[in-house]
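Participant: Below you'll find upload_2.pdb; it's PDB, C-alpha atoms.
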ATOM      1  CA  MET A 131     -87.927 -15.254  47.073  1.00  0.00           C
ATOM      2  CA  LYS A 132     -90.742 -17.618  46.123  1.00  0.00           C
ATOM      3  CA  TYR A 133     -89.852 -21.277  45.695  1.00  0.00           C
ATOM      4  CA  VAL A 134     -90.792 -21.250  41.990  1.00  0.00           C
ATOM      5  CA  SER A 135     -88.291 -18.474  41.355  1.00  0.00           C
ATOM      6  CA  PHE A 136     -85.700 -20.183  43.550  1.00  0.00           C
ATOM      7  CA  THR A 137     -85.840 -23.408  41.529  1.00  0.00           C
ATOM      8  CA  THR A 138     -85.817 -21.425  38.288  1.00  0.00           C
ATOM      9  CA  TYR A 139     -82.568 -19.698  39.215  1.00  0.00           C
ATOM     10  CA  PHE A 140     -80.834 -22.590  40.980  1.00  0.00           C
ATOM     11  CA  SER A 141     -82.520 -25.527  39.146  1.00  0.00           C
ATOM     12  CA  SER A 142     -84.698 -28.299  40.547  1.00  0.00           C
ATOM     13  CA  PRO A 143     -82.032 -31.018  40.194  1.00  0.00           C
ATOM     14  CA  ARG A 144     -79.599 -28.958  42.303  1.00  0.00           C
ATOM     15  CA  THR A 145     -82.108 -27.934  44.959  1.00  0.00           C
ATOM     16  CA  GLY A 146     -84.017 -31.225  45.100  1.00  0.00           C
ATOM     17  CA  ARG A 147     -81.682 -32.762  47.671  1.00  0.00           C
ATOM     18  CA  TYR A 148     -82.263 -29.800  49.965  1.00  0.00           C
ATOM     19  CA  LEU A 149     -86.023 -30.147  49.595  1.00  0.00           C
ATOM     20  CA  ILE A 150     -85.904 -33.853  50.514  1.00  0.00           C
ATOM     21  CA  ALA A 151     -83.756 -33.118  53.567  1.00  0.00           C
ATOM     22  CA  CYS A 152     -86.281 -30.491  54.642  1.00  0.00           C
ATOM     23  CA  ALA A 153     -89.250 -32.877  54.308  1.00  0.00           C
ATOM     24  CA  ASN A 154     -90.623 -30.895  51.343  1.00  0.00           C
ATOM     25  CA  ASP A 155     -90.768 -27.681  53.364  1.00  0.00           C
ATOM     26  CA  THR A 156     -89.959 -25.147  50.657  1.00  0.00           C
ATOM     27  CA  LYS A 157     -89.131 -22.297  53.054  1.00  0.00           C
ATOM     28  CA  ARG A 158     -86.673 -24.463  54.997  1.00  0.00           C
ATOM     29  CA  CYS A 159     -85.225 -25.663  51.704  1.00  0.00           C
ATOM     30  CA  ILE A 160     -84.346 -22.120  50.641  1.00  0.00           C
ATOM     31  CA  LYS A 161     -82.894 -21.347  54.070  1.00  0.00           C
ATOM     32  CA  LEU A 162     -80.788 -24.504  54.040  1.00  0.00           C
ATOM     33  CA  TYR A 163     -79.416 -23.728  50.587  1.00  0.00           C
ATOM     34  CA  LYS A 164     -78.315 -20.311  51.816  1.00  0.00           C
ATOM     35  CA  ALA A 165     -76.917 -21.813  55.035  1.00  0.00           C
ATOM     36  CA  ASN A 166     -74.800 -24.164  52.918  1.00  0.00           C
ATOM     37  CA  LEU A 167     -73.412 -21.127  51.074  1.00  0.00           C
ATOM     38  CA  LYS A 168     -72.646 -19.333  54.330  1.00  0.00           C
ATOM     39  CA  VAL A 169     -70.714 -22.290  55.719  1.00  0.00           C
ATOM     40  CA  ALA A 170     -68.766 -22.542  52.462  1.00  0.00           C
ATOM     41  CA  GLN A 171     -68.093 -18.816  52.696  1.00  0.00           C
ATOM     42  CA  ALA A 172     -66.769 -19.224  56.244  1.00  0.00           C
ATOM     43  CA  PHE A 173     -64.171 -21.710  55.002  1.00  0.00           C
ATOM     44  CA  HIS A 174     -62.544 -19.397  52.483  1.00  0.00           C
ATOM     45  CA  PRO A 175     -60.363 -17.379  54.907  1.00  0.00           C
ATOM     46  CA  LEU A 176     -58.964 -20.545  56.503  1.00  0.00           C
ATOM     47  CA  LEU A 177     -58.464 -22.303  53.175  1.00  0.00           C
ATOM     48  CA  GLY A 178     -56.710 -19.214  51.873  1.00  0.00           C
ATOM     49  CA  CYS A 179     -54.391 -19.071  54.876  1.00  0.00           C
ATOM     50  CA  LEU A 180     -53.544 -22.761  54.635  1.00  0.00           C
ATOM     51  CA  GLU A 181     -52.870 -22.568  50.905  1.00  0.00           C
ATOM     52  CA  VAL A 182     -50.520 -19.591  51.218  1.00  0.00           C
ATOM     53  CA  VAL A 183     -48.670 -21.058  54.215  1.00  0.00           C
ATOM     54  CA  LEU A 184     -48.337 -24.449  52.487  1.00  0.00           C
ATOM     55  CA  ARG A 185     -47.209 -22.931  49.199  1.00  0.00           C
ATOM     56  CA  ASN A 186     -44.635 -20.616  50.768  1.00  0.00           C
ATOM     57  CA  GLY A 187     -43.407 -23.262  53.169  1.00  0.00           C
ATOM     58  CA  VAL A 188     -42.888 -25.958  50.537  1.00  0.00           C
ATOM     59  CA  ASN A 189     -41.253 -23.411  48.257  1.00  0.00           C
ATOM     60  CA  ASP A 190     -38.810 -22.519  51.039  1.00  0.00           C
ATOM     61  CA  GLN A 191     -38.025 -26.178  51.649  1.00  0.00           C
ATOM     62  CA  LEU A 192     -37.370 -26.908  47.981  1.00  0.00           C
ATOM     63  CA  THR A 193     -35.375 -23.706  47.533  1.00  0.00           C
ATOM     64  CA  THR A 194     -33.081 -24.994  50.273  1.00  0.00           C
ATOM     65  CA  HIS A 195     -33.107 -28.556  48.943  1.00  0.00           C
ATOM     66  CA  PHE A 196     -31.993 -27.508  45.459  1.00  0.00           C
ATOM     67  CA  ALA A 197     -29.987 -24.468  46.635  1.00  0.00           C
ATOM     68  CA  ASP A 198     -31.912 -22.628  43.932  1.00  0.00           C
ATOM     69  CA  PRO A 199     -34.631 -19.962  44.386  1.00  0.00           C
ATOM     70  CA  ASN A 200     -35.681 -20.663  40.782  1.00  0.00           C
ATOM     71  CA  TRP A 201     -36.131 -24.396  41.255  1.00  0.00           C
ATOM     72  CA  ILE A 202     -39.693 -24.348  39.927  1.00  0.00           C
ATOM     73  CA  ILE A 203     -38.366 -23.231  36.527  1.00  0.00           C
ATOM     74  CA  ASN A 204     -35.020 -24.997  36.484  1.00  0.00           C
ATOM     75  CA  GLN A 205     -36.326 -28.370  37.693  1.00  0.00           C
ATOM     76  CA  LYS A 206     -38.339 -28.818  34.505  1.00  0.00           C
ATOM     77  CA  ASN A 207     -35.269 -30.763  33.429  1.00  0.00           C
ATOM     78  CA  GLY A 208     -34.708 -32.198  36.893  1.00  0.00           C
ATOM     79  CA  PHE A 209     -37.003 -34.012  39.312  1.00  0.00           C
ATOM     80  CA  MET A 210     -40.072 -33.191  37.197  1.00  0.00           C
ATOM     81  CA  VAL A 211     -38.815 -35.596  34.520  1.00  0.00           C
ATOM     82  CA  ASP A 212     -37.119 -38.108  36.795  1.00  0.00           C
ATOM     83  CA  PRO A 213     -37.123 -41.671  35.374  1.00  0.00           C
ATOM     84  CA  LEU A 214     -38.852 -42.839  38.567  1.00  0.00           C
ATOM     85  CA  LEU A 215     -41.986 -41.083  37.335  1.00  0.00           C
ATOM     86  CA  THR A 216     -42.275 -43.582  34.471  1.00  0.00           C
ATOM     87  CA  HIS A 217     -43.907 -46.921  35.270  1.00  0.00           C
ATOM     88  CA  THR A 218     -44.616 -50.083  33.312  1.00  0.00           C
ATOM     89  CA  ASN A 219     -47.740 -52.075  34.116  1.00  0.00           C
ATOM     90  CA  LYS A 220     -46.520 -55.633  34.700  1.00  0.00           C
ATOM     91  CA  LYS A 221     -49.770 -57.154  33.419  1.00  0.00           C
ATOM     92  CA  THR A 222     -50.395 -55.056  30.332  1.00  0.00           C
ATOM     93  CA  GLY A 223     -46.923 -53.758  29.579  1.00  0.00           C
ATOM     94  CA  LYS A 224     -48.412 -50.266  29.229  1.00  0.00           C
ATOM     95  CA  ILE A 225     -45.989 -47.452  30.041  1.00  0.00           C
ATOM     96  CA  THR A 226     -47.302 -44.415  31.918  1.00  0.00           C
ATOM     97  CA  THR A 227     -45.414 -41.275  32.866  1.00  0.00           C
ATOM     98  CA  ASN A 228     -46.482 -38.846  35.570  1.00  0.00           C
ATOM     99  CA  ARG A 229     -45.971 -35.325  34.279  1.00  0.00           C
ATOM    100  CA  PHE A 230     -48.528 -33.533  36.458  1.00  0.00           C
ATOM    101  CA  ILE A 231     -46.000 -31.213  38.125  1.00  0.00           C
ATOM    102  CA  LEU A 232     -44.148 -30.486  34.884  1.00  0.00           C
ATOM    103  CA  ASN A 233     -47.358 -29.823  32.947  1.00  0.00           C
ATOM    104  CA  SER A 234     -48.643 -27.524  35.706  1.00  0.00           C
ATOM    105  CA  VAL A 235     -45.503 -25.405  35.473  1.00  0.00           C
ATOM    106  CA  LYS A 236     -45.592 -25.293  31.676  1.00  0.00           C
ATOM    107  CA  SER A 237     -49.274 -24.374  31.737  1.00  0.00           C
ATOM    108  CA  ALA A 238     -48.552 -21.485  34.109  1.00  0.00           C
ATOM    109  CA  GLU A 239     -45.764 -20.265  31.834  1.00  0.00           C
ATOM    110  CA  ASP A 240     -48.073 -20.393  28.803  1.00  0.00           C
ATOM    111  CA  LYS A 241     -50.739 -18.373  30.625  1.00  0.00           C
ATOM    112  CA  LEU A 242     -48.222 -15.707  31.589  1.00  0.00           C
ATOM    113  CA  ARG A 243     -46.898 -15.482  28.016  1.00  0.00           C
ATOM    114  CA  LYS A 244     -50.403 -15.052  26.621  1.00  0.00           C
ATOM    115  CA  ARG A 245     -51.020 -12.239  29.099  1.00  0.00           C
ATOM    116  CA  GLY A 246     -47.713 -10.594  28.186  1.00  0.00           C
ATOM    117  CA  ILE A 247     -46.369 -11.012  31.713  1.00  0.00           C
ATOM    118  CA  ALA A 248     -42.724 -11.798  32.379  1.00  0.00           C
ATOM    119  CA  ILE A 249     -42.075 -15.330  33.601  1.00  0.00           C
ATOM    120  CA  THR A 250     -40.579 -15.383  37.081  1.00  0.00           C
ATOM    121  CA  SER A 251     -40.423 -18.070  39.741  1.00  0.00           C
ATOM    122  CA  GLY A 252     -42.680 -16.028  42.004  1.00  0.00           C
ATOM    123  CA  ARG A 253     -45.367 -15.737  39.355  1.00  0.00           C
ATOM    124  CA  ILE A 254     -45.144 -19.433  38.440  1.00  0.00           C
ATOM    125  CA  ILE A 255     -45.459 -20.383  42.117  1.00  0.00           C
ATOM    126  CA  SER A 256     -48.495 -18.158  42.639  1.00  0.00           C
ATOM    127  CA  GLU A 257     -50.221 -19.762  39.632  1.00  0.00           C
ATOM    128  CA  GLN A 258     -50.052 -23.278  41.069  1.00  0.00           C
ATOM    129  CA  THR A 259     -53.126 -24.995  42.485  1.00  0.00           C
ATOM    130  CA  PHE A 260     -53.560 -26.574  45.900  1.00  0.00           C
ATOM    131  CA  GLY A 261     -53.339 -29.908  44.100  1.00  0.00           C
ATOM    132  CA  PHE A 262     -49.851 -29.064  42.840  1.00  0.00           C
ATOM    133  CA  TRP A 263     -48.489 -28.680  46.369  1.00  0.00           C
ATOM    134  CA  THR A 264     -50.415 -31.697  47.616  1.00  0.00           C
ATOM    135  CA  ASP A 265     -48.957 -33.864  44.856  1.00  0.00           C
ATOM    136  CA  LEU A 266     -45.447 -33.250  46.193  1.00  0.00           C
ATOM    137  CA  PHE A 267     -46.446 -35.398  49.188  1.00  0.00           C
ATOM    138  CA  GLU A 268     -47.492 -38.307  46.969  1.00  0.00           C
ATOM    139  CA  ASN A 269     -45.024 -41.170  47.237  1.00  0.00           C
ATOM    140  CA  HIS A 270     -43.586 -40.809  43.725  1.00  0.00           C
ATOM    141  CA  HIS A 271     -42.493 -37.174  44.068  1.00  0.00           C
ATOM    142  CA  TYR A 272     -41.801 -37.456  47.786  1.00  0.00           C
ATOM    143  CA  LYS A 273     -39.154 -40.151  47.205  1.00  0.00           C
ATOM    144  CA  ILE A 274     -37.457 -38.190  44.443  1.00  0.00           C
ATOM    145  CA  LEU A 275     -37.363 -35.116  46.717  1.00  0.00           C
ATOM    146  CA  LYS A 276     -35.886 -37.263  49.514  1.00  0.00           C
ATOM    147  CA  GLY A 277     -38.761 -36.370  51.835  1.00  0.00           C
ATOM    148  CA  ARG A 278     -37.887 -32.684  51.899  1.00  0.00           C
ATOM    149  CA  PRO A 279     -41.508 -31.351  51.845  1.00  0.00           C
ATOM    150  CA  ILE A 280     -42.295 -32.936  55.238  1.00  0.00           C
ATOM    151  CA  LYS A 281     -39.724 -30.686  56.910  1.00  0.00           C
ATOM    152  CA  LEU A 282     -42.297 -27.900  56.694  1.00  0.00           C
ATOM    153  CA  PHE A 283     -44.334 -29.734  59.339  1.00  0.00           C
ATOM    154  CA  LYS A 284     -42.065 -29.184  62.330  1.00  0.00           C
ATOM    155  CA  HIS A 285     -44.699 -30.033  64.952  1.00  0.00           C
ATOM    156  CA  LEU A 286     -46.019 -33.412  63.812  1.00  0.00           C
ATOM    157  CA  PRO A 287     -47.187 -35.759  66.585  1.00  0.00           C
ATOM    158  CA  SER A 288     -44.953 -38.697  67.332  1.00  0.00           C
ATOM    159  CA  GLY A 289     -45.320 -41.429  64.720  1.00  0.00           C
ATOM    160  CA  TYR A 290     -46.861 -39.099  62.134  1.00  0.00           C
ATOM    161  CA  GLY A 291     -45.316 -38.518  58.727  1.00  0.00           C
ATOM    162  CA  ARG A 292     -46.023 -38.237  55.013  1.00  0.00           C
ATOM    163  CA  THR A 293     -49.091 -40.493  55.019  1.00  0.00           C
ATOM    164  CA  GLN A 294     -50.918 -38.536  57.722  1.00  0.00           C
ATOM    165  CA  VAL A 295     -50.060 -35.183  56.137  1.00  0.00           C
ATOM    166  CA  LEU A 296     -51.142 -36.371  52.682  1.00  0.00           C
ATOM    167  CA  ASN A 297     -54.425 -37.748  54.045  1.00  0.00           C
ATOM    168  CA  GLU A 298     -55.289 -34.400  55.608  1.00  0.00           C
ATOM    169  CA  LEU A 299     -54.202 -32.441  52.529  1.00  0.00           C
ATOM    170  CA  THR A 300     -56.288 -34.693  50.279  1.00  0.00           C
ATOM    171  CA  LYS A 301     -59.418 -34.207  52.402  1.00  0.00           C
ATOM    172  CA  VAL A 302     -58.945 -30.449  52.295  1.00  0.00           C
ATOM    173  CA  ARG A 303     -58.256 -30.427  48.543  1.00  0.00           C
ATOM    174  CA  GLN A 304     -61.358 -32.468  47.732  1.00  0.00           C
ATOM    175  CA  PHE A 305     -63.512 -30.320  50.006  1.00  0.00           C
ATOM    176  CA  ARG A 306     -62.079 -27.132  48.505  1.00  0.00           C
ATOM    177  CA  ASN A 307     -63.067 -28.376  45.059  1.00  0.00           C
ATOM    178  CA  ARG A 308     -66.609 -29.049  46.281  1.00  0.00           C
ATOM    179  CA  ILE A 309     -67.208 -25.567  47.600  1.00  0.00           C
ATOM    180  CA  ASN A 310     -65.561 -23.980  44.555  1.00  0.00           C
ATOM    181  CA  HIS A 311     -68.117 -25.821  42.419  1.00  0.00           C
ATOM    182  CA  ASN A 312     -71.008 -24.896  44.722  1.00  0.00           C
ATOM    183  CA  GLU A 313     -71.618 -28.479  45.787  1.00  0.00           C
ATOM    184  CA  PRO A 314     -73.529 -29.181  49.032  1.00  0.00           C
ATOM    185  CA  ILE A 315     -71.487 -29.637  52.217  1.00  0.00           C
ATOM    186  CA  CYS A 316     -74.409 -29.915  54.626  1.00  0.00           C
ATOM    187  CA  PHE A 317     -75.400 -33.549  54.106  1.00  0.00           C
ATOM    188  CA  VAL A 318     -74.501 -37.042  55.115  1.00  0.00           C
ATOM    189  CA  GLY A 319     -76.671 -39.209  52.922  1.00  0.00           C
ATOM    190  CA  VAL A 320     -80.078 -37.525  52.815  1.00  0.00           C
ATOM    191  CA  SER A 321     -79.824 -35.956  56.275  1.00  0.00           C
ATOM    192  CA  ILE A 322     -78.762 -32.458  57.225  1.00  0.00           C
ATOM    193  CA  ASP A 323     -75.404 -33.175  58.806  1.00  0.00           C
ATOM    194  CA  PHE A 324     -72.216 -31.109  58.872  1.00  0.00           C
ATOM    195  CA  SER A 325     -70.046 -33.783  60.504  1.00  0.00           C
ATOM    196  CA  ILE A 326     -67.951 -34.386  57.368  1.00  0.00           C
ATOM    197  CA  THR A 327     -67.542 -30.634  56.975  1.00  0.00           C
ATOM    198  CA  ILE A 328     -66.384 -30.288  60.585  1.00  0.00           C
ATOM    199  CA  GLY A 329     -63.972 -33.145  59.924  1.00  0.00           C
ATOM    200  CA  VAL A 330     -62.381 -31.117  57.128  1.00  0.00           C
ATOM    201  CA  TYR A 331     -62.258 -28.087  59.417  1.00  0.00           C
ATOM    202  CA  ASN A 332     -60.300 -30.190  61.910  1.00  0.00           C
ATOM    203  CA  SER A 333     -57.971 -31.276  59.109  1.00  0.00           C
ATOM    204  CA  ILE A 334     -57.224 -27.630  58.333  1.00  0.00           C
ATOM    205  CA  LEU A 335     -56.496 -26.957  62.000  1.00  0.00           C
ATOM    206  CA  ASN A 336     -54.274 -30.035  62.183  1.00  0.00           C
ATOM    207  CA  LEU A 337     -52.206 -28.977  59.188  1.00  0.00           C
ATOM    208  CA  LEU A 338     -51.741 -25.441  60.471  1.00  0.00           C
ATOM    209  CA  LYS A 339     -50.883 -26.707  63.955  1.00  0.00           C
ATOM    210  CA  TRP A 340     -48.370 -29.184  62.577  1.00  0.00           C
ATOM    211  CA  ILE A 341     -46.655 -26.337  60.733  1.00  0.00           C
ATOM    212  CA  ASP A 342     -46.743 -23.906  63.668  1.00  0.00           C
ATOM    213  CA  PRO A 343     -49.223 -23.866  66.597  1.00  0.00           C
ATOM    214  CA  GLU A 344     -49.022 -20.079  66.583  1.00  0.00           C
ATOM    215  CA  LEU A 345     -51.043 -20.102  63.357  1.00  0.00           C
ATOM    216  CA  ILE A 346     -54.051 -21.443  65.284  1.00  0.00           C
ATOM    217  CA  ASN A 347     -54.030 -18.385  67.527  1.00  0.00           C
ATOM    218  CA  TRP A 348     -53.547 -16.106  64.536  1.00  0.00           C
ATOM    219  CA  ILE A 349     -56.706 -17.318  62.748  1.00  0.00           C
ATOM    220  CA  LYS A 350     -59.008 -17.219  65.781  1.00  0.00           C
ATOM    221  CA  ASP A 351     -60.630 -13.905  64.904  1.00  0.00           C
ATOM    222  CA  ILE A 352     -61.374 -14.974  61.308  1.00  0.00           C
ATOM    223  CA  ASP A 353     -62.542 -18.482  62.174  1.00  0.00           C
ATOM    224  CA  LYS A 354     -66.367 -18.401  62.039  1.00  0.00           C
ATOM    225  CA  ILE A 355     -66.924 -21.999  60.995  1.00  0.00           C
ATOM    226  CA  ASN A 356     -68.355 -23.515  64.185  1.00  0.00           C
ATOM    227  CA  ALA A 357     -70.668 -20.551  64.716  1.00  0.00           C
ATOM    228  CA  THR A 358     -71.900 -20.672  61.118  1.00  0.00           C
ATOM    229  CA  VAL A 359     -72.474 -24.434  61.238  1.00  0.00           C
ATOM    230  CA  THR A 360     -74.413 -24.099  64.515  1.00  0.00           C
ATOM    231  CA  LYS A 361     -76.762 -21.594  62.859  1.00  0.00           C
ATOM    232  CA  GLY A 362     -77.190 -23.885  59.880  1.00  0.00           C
ATOM    233  CA  LEU A 363     -78.219 -26.784  62.078  1.00  0.00           C
ATOM    234  CA  LYS A 364     -81.026 -24.704  63.599  1.00  0.00           C
ATOM    235  CA  ILE A 365     -82.902 -24.429  60.310  1.00  0.00           C
TER     236      ILE A 365
END
In structure tokens, what does this structure look like?

Facilitator:
Amino acid sequence: MKYVSFTTYFSSPRTGRYLIACANDTKRCIKLYKANLKVAQAFHPLLGCLEVVLRNGVNDQLTTHFADPNWIINQKNGFMVDPLLTHTNKKTGKITTNRFILNSVKSAEDKLRKRGIAITSGRIISEQTFGFWTDLFENHHYKILKGRPIKLFKHLPSGYGRTQVLNELTKVRQFRNRINHNEPICFVGVSIDFSITIGVYNSILNLLKWIDPELINWIKDIDKINATVTKGLKI
């Protein structure tokens, strides 16, 4: 593809950063853009595995905690509306209420109704975003749930807890959003640099390892991230 066509299809504002990083070499620019896509592509299997394992694991923990396999529906009148989720700003007196979890469940129910699909706990759970599960490790929900979500991570290093898990989950969530919106992951500043991307890769490995080290062995044959990044750096 000629560079004129490339910028027509992908836009000059979007591709300009790649061109600068490639010292105005248009051929390298096109190759780097595609390399960025390939690295993003390589992340999807691992992100998918982590999301499913996290979702199922937290669901199991909360099913046990509430002694209710339908907690995600029934807790709309429980922890999702706990008074601790309402805060008053001491300076302004403004009252704010966190209803992210509740609204996410209601939104999923509305989508299922519009599609004519029966509402079940399994379907509601599968509709939830990575951010939904991450938010359960935020201090407000974590306290209400008496720290139950952390029990999923049975292999945490000594001294590690909610803060470390949340930090890793947040990095992964933000990165996941970037690649889902086709944002570049091959830069640090104006330089071609995948170090931040590799940092997120290590966060994924950490989270899986903290849940069960066996998961690291299981993903080995689908983990192409280091190899794909190495190729990208050779452009």

Participant: Give me the residues within 10 Å of Ala170 in chain A as a PyMOL selection string, counting all atoms listed in the file and dropping any in the same chain fewer than 6 places off.

Facilitator: chain A and resi 164+305-306+308-310+312-316+327+355+358-359

Participant: Please report the interatomic distance between CA of Ala197 in chain A and CA of Pro343 in chain A in Å with one decimal.

Facilitator: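 A separation of 27.7 Å between them.
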
Participant: The PyMOL selection byres ((chain A and resi 200) around 10) on the file shown: which residues, as an MDAnalysis selection string?

Facilitator: chainID A and resid 189 192:193 196:199 201:205 250:252 254:255

Participant: Rounded to one decimal in Å, what is the spacing between CA of Thr137 in chain A and CA of Cys159 in chain A?

Facilitator: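 Computing it gives 10.4 Å between the two atoms.
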
Participant: Between A:Ile328, A:Ile365, A:Val235, A:Leu299, which is the closest to Glu181 in chain A once you count only C-alpha atoms?

Facilitator: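 Closest to Glu181 in chain A of all the choices is A:Leu299.
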
Participant: Restricting the calculation to all atoms listed in the file: of A:Leu335, A:Lys301, A:Lys220, A:Lys241, which residue gets closest to Lys350 in chain A?

Facilitator: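 For Lys350 in chain A, the nearest of the given residues is A:Leu335.
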
Participant: Calculated over all atoms listed in the file, which of the candidates A:Arg243, A:Lys157, A:Lys364, A:Arg292 has the smallest distance to Phe267 in chain A?

Facilitator: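 Of A:Arg243, A:Lys157, A:Lys364, A:Arg292, the one nearest Phe267 in chain A, counting all atoms listed in the file, is A:Arg292.
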
Participant: If we count only C-alpha atoms and set the cut-off at 10 Å, which residues sit around Ile280 in chain A, ignoring sequence neighbours fewer than 3 positions away in its own chain? Please answer as a list in words.

Facilitator: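 In the requested form, the answer reads Gly187, Val188, Gln191, Leu266, Phe267, Tyr272, Lys276, Gly277, Phe283, Lys284, Leu286, Gly291, Arg292, Val295, Leu296 and Ile341 of chain A.
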
Participant: Let me see the file: selected residues, C-alpha atoms, as an mmCIF file, keeping the file's coordinate frame.

Facilitator:
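That gives us out33.cif:
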data_model
loop_
_atom_site.group_PDB
_atom_site.id
_atom_site.type_symbol
_atom_site.label_atom_id
_atom_site.label_comp_id
_atom_site.auth_asym_id
_atom_site.auth_seq_id
_atom_site.Cartn_x
_atom_site.Cartn_y
_atom_site.Cartn_z
ATOM 1 C CA GLY A 187 -43.407 -23.262 53.169
ATOM 2 C CA VAL A 188 -42.888 -25.958 50.537
ATOM 3 C CA GLN A 191 -38.025 -26.178 51.649
ATOM 4 C CA LEU A 266 -45.447 -33.250 46.193
ATOM 5 C CA PHE A 267 -46.446 -35.398 49.188
ATOM 6 C CA TYR A 272 -41.801 -37.456 47.786
ATOM 7 C CA LYS A 276 -35.886 -37.263 49.514
ATOM 8 C CA GLY A 277 -38.761 -36.370 51.835
ATOM 9 C CA PHE A 283 -44.334 -29.734 59.339
ATOM 10 C CA LYS A 284 -42.065 -29.184 62.330
ATOM 11 C CA LEU A 286 -46.019 -33.412 63.812
ATOM 12 C CA GLY A 291 -45.316 -38.518 58.727
ATOM 13 C CA ARG A 292 -46.023 -38.237 55.013
ATOM 14 C CA VAL A 295 -50.060 -35.183 56.137
ATOM 15 C CA LEU A 296 -51.142 -36.371 52.682
ATOM 16 C CA ILE A 341 -46.655 -26.337 60.733
#

Participant: May I ask which of the residues A:Pro213, A:Thr194, A:Asn233, A:Lys354 is the closest one to Arg278 in chain A, counting only C-alpha atoms?

Facilitator: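 Nearest candidate to Arg278 in chain A out of A:Pro213, A:Thr194, A:Asn233, A:Lys354: A:Thr194.
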